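Working notes, structure below.
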Amino acid sequence: MVHKLYGDGIHDDTFAIQEMLDSGNVLIELPVPERHYLISKTLKIHSYQELVLSRWSEIRLAPGSNCPMLANSSPDKGSKCIAIRGGIWNFDNVNQAPNPQMVTDDPEWKVPQGKFRKMPVPDDYPVDPVDGTRHGVVGKFGEMAYHPDRYWGNIFQFTNIDRFEMSDTVMKNPVSYAVKCAKLTNFAFSHITFDFNEGNPSPDNMDGLHFDGFCRNGRITDLKGTCYDDLIALNAEDGIVDSPGFGPIENIEIDGIFSDNCHSIIRMLSYGSRISNISIRNVYGSFYRYGIGFTHYFPEQPQRGSFDNIVVENLFISKALPPESDWNGAPDWALIWCEGRGTLGSLRINSFHRIEKTIAVPSMDIEKDFIIDTLSISDASIENHLAEPIVMLRNAGSIKNLNLEKCRAAKGEVINLENNGNITSK
């Protein structure tokens, strides 16, 4: 090798590791470091390669690097057969630029009610690759085309890959998302731990696994840890600067989530593209914004959200309180939340059990303008330790076919159905 691999936590190992990846070898196995590996630029992994670290070997982003730690080398042409196994991938967020969704270059900006606080853009903030200025991204939605080199604060960025695997990995202290994916086909994430501090500048926008359009045929299993935004996001459409692709998401199996005091289990976001054939099973934990969200989110988008064939089984979940350092003024929604102008074909919920000591929001809430063709809830229980009643299902939208079966109050006052909308058949 031309470049020396140090692993002492002092010298930059970027060029040595990249040299190993560029060798063309199908297996790149990093030895256990003396202390930890230090990198300062995004490592690029190629098709037909497996990158392996020992389970607890750490690779850390150098201060001020402001870039993803690892990405596939051919996001435009596409990559095939990539695997990443092991390691603690530490983004070291307090030593990177602050969250781009929480900074603003507008001197007149004021906090809208229920929205994020923001901080002024620092003088040394990364320059945007499109317009050459320093700014955040929230106020720029719809104004600039997506660019893969825009600073976003993600640990990993994987785009346009067929056959991808990631396992036995600790994802530590991102600025925003731990993993950002789009156009991923035939993929698997397994045995993943999220080890997050409370962010830079606050615990917001810190997703776990974030999937944008054209992701299909995937299995996600055994996720542990607390995220300060969606632990899993399936966003068929997103902010323009945020996404390399808007399109359908389908055929995803999620099995095994263990998370306390987390923002949410999973968000499904659509304002036109279909999200379908999703199974979510075996979830244990507490969540402070919602549990499972079917959302439209962008009110300026006229098309309805599209969801179908969703199966949810074995939820053992309850509400939590947000961290005091959270900058987000959003309310506390139901554990299963149907928001905005969405249409859901079939949703089956089986074995939903809630022991609630925190907030008496409904277990499921269907907002006005949301439409469900067929909703089935069976074997559900609520153990209510609060003085006020808890509603199992609150409907202000429209349900064509509703089946509530074996829904019970294990303790306290529980109302199975509160209906201010339309239910055709039950």
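Chain identifiers are assigned as A, B, and so on, following the order in which chains appear in the structure tokens; residues are numbered from 1 within each chain, and ligands are numbered from 1 in order of appearance.
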
DSSP-assigned strand (DSSP E or B) among region 178-303 of chain A, expressed as a ChimeraX atom specification: /A:179-195,206,209-211,216-225,228,230-235,249-262,264-269,274-287,292-295

Near-Arg408 (chain A) list (7 Å; only C-alpha atoms; drop same-chain fewer than 2 positions) as number ranges by chain: A: 380-382, 406, 410

Written file, previous selection with C-alpha atoms, as an mmCIF file, in the first residue's frame:
```cif
data_model
loop_
_atom_site.group_PDB
_atom_site.id
_atom_site.type_symbol
_atom_site.label_atom_id
_atom_site.label_comp_id
_atom_site.auth_asym_id
_atom_site.auth_seq_id
_atom_site.Cartn_x
_atom_site.Cartn_y
_atom_site.Cartn_z
ATOM 1 C CA ALA A 380 -56.033 -4.954 21.134
ATOM 2 C CA SER A 381 -55.801 -3.838 24.740
ATOM 3 C CA ILE A 382 -55.170 -0.674 26.711
ATOM 4 C CA LYS A 406 -61.473 -8.362 20.727
ATOM 5 C CA ALA A 410 -57.219 -4.099 30.637
#
```

Distance query Tyr290 (chain A) at most 7 Å, only C-alpha atoms, self and fewer than 2 positions along chain excluded, as a PyMOL selection string: chain A and resi 263-264+287-288+292-293+332-337

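Near Glu413 (chain A), within 10 Å and counting only C-alpha atoms, sit A:Ile382, A:Glu383, A:Asn384, A:His385, A:Leu386, A:Ala387, A:Glu388, A:Pro389, A:Ile390, A:Val391, A:Ala409, A:Ala410, A:Lys411, A:Ile415, A:Asn416; same-chain residues fewer than 2 positions away were not included.
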
Just to be explicit: take each residue in the selection above, keep C-alpha atoms, and write the result as a PDB file, in the first residue's frame.
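Below you can see out.pdb, which holds the result:
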```pdb
ATOM      1  CA  ILE A 382     -55.170  -0.674  26.711  1.00  0.00           C
ATOM      2  CA  GLU A 383     -54.067  -0.618  30.348  1.00  0.00           C
ATOM      3  CA  ASN A 384     -54.913   2.953  31.305  1.00  0.00           C
ATOM      4  CA  HIS A 385     -53.166   4.303  34.408  1.00  0.00           C
ATOM      5  CA  LEU A 386     -54.369   7.888  33.819  1.00  0.00           C
ATOM      6  CA  ALA A 387     -57.401   9.708  35.209  1.00  0.00           C
ATOM      7  CA  GLU A 388     -58.804  10.619  31.794  1.00  0.00           C
ATOM      8  CA  PRO A 389     -60.187   8.039  29.334  1.00  0.00           C
ATOM      9  CA  ILE A 390     -58.186   6.761  26.362  1.00  0.00           C
ATOM     10  CA  VAL A 391     -59.785   6.217  22.966  1.00  0.00           C
ATOM     11  CA  ALA A 409     -59.801  -2.303  28.527  1.00  0.00           C
ATOM     12  CA  ALA A 410     -57.219  -4.099  30.637  1.00  0.00           C
ATOM     13  CA  LYS A 411     -57.378  -1.298  33.226  1.00  0.00           C
ATOM     14  CA  ILE A 415     -63.449   4.072  24.721  1.00  0.00           C
ATOM     15  CA  ASN A 416     -63.188   1.694  21.792  1.00  0.00           C
TER      16      ASN A 416
END
```

Exercise: Val2 (chain A) partners within 10 Å, only C-alpha atoms, chain neighbours under 3 positions left out, as an MDAnalysis selection string: chainID A and resid 5 15:16 19

Hey, which bits of region 113-220 of chain A sit within 7 Å of region 250-254 of chain A, and for each residue what's the closest pair of atoms and how far apart in Å (one decimal), counting only C-alpha atoms, rows by chain and increasing number, as JSON lines?
```
{"residue": "A:Cys215", "atom": "CA", "partner": "A:Glu250", "partner_atom": "CA", "distance": 6.8}
{"residue": "A:Arg216", "atom": "CA", "partner": "A:Glu250", "partner_atom": "CA", "distance": 4.8}
{"residue": "A:Asn217", "atom": "CA", "partner": "A:Asn251", "partner_atom": "CA", "distance": 4.8}
{"residue": "A:Gly218", "atom": "CA", "partner": "A:Ile252", "partner_atom": "CA", "distance": 4.8}
{"residue": "A:Arg219", "atom": "CA", "partner": "A:Glu253", "partner_atom": "CA", "distance": 4.8}
{"residue": "A:Ile220", "atom": "CA", "partner": "A:Ile254", "partner_atom": "CA", "distance": 4.8}
```
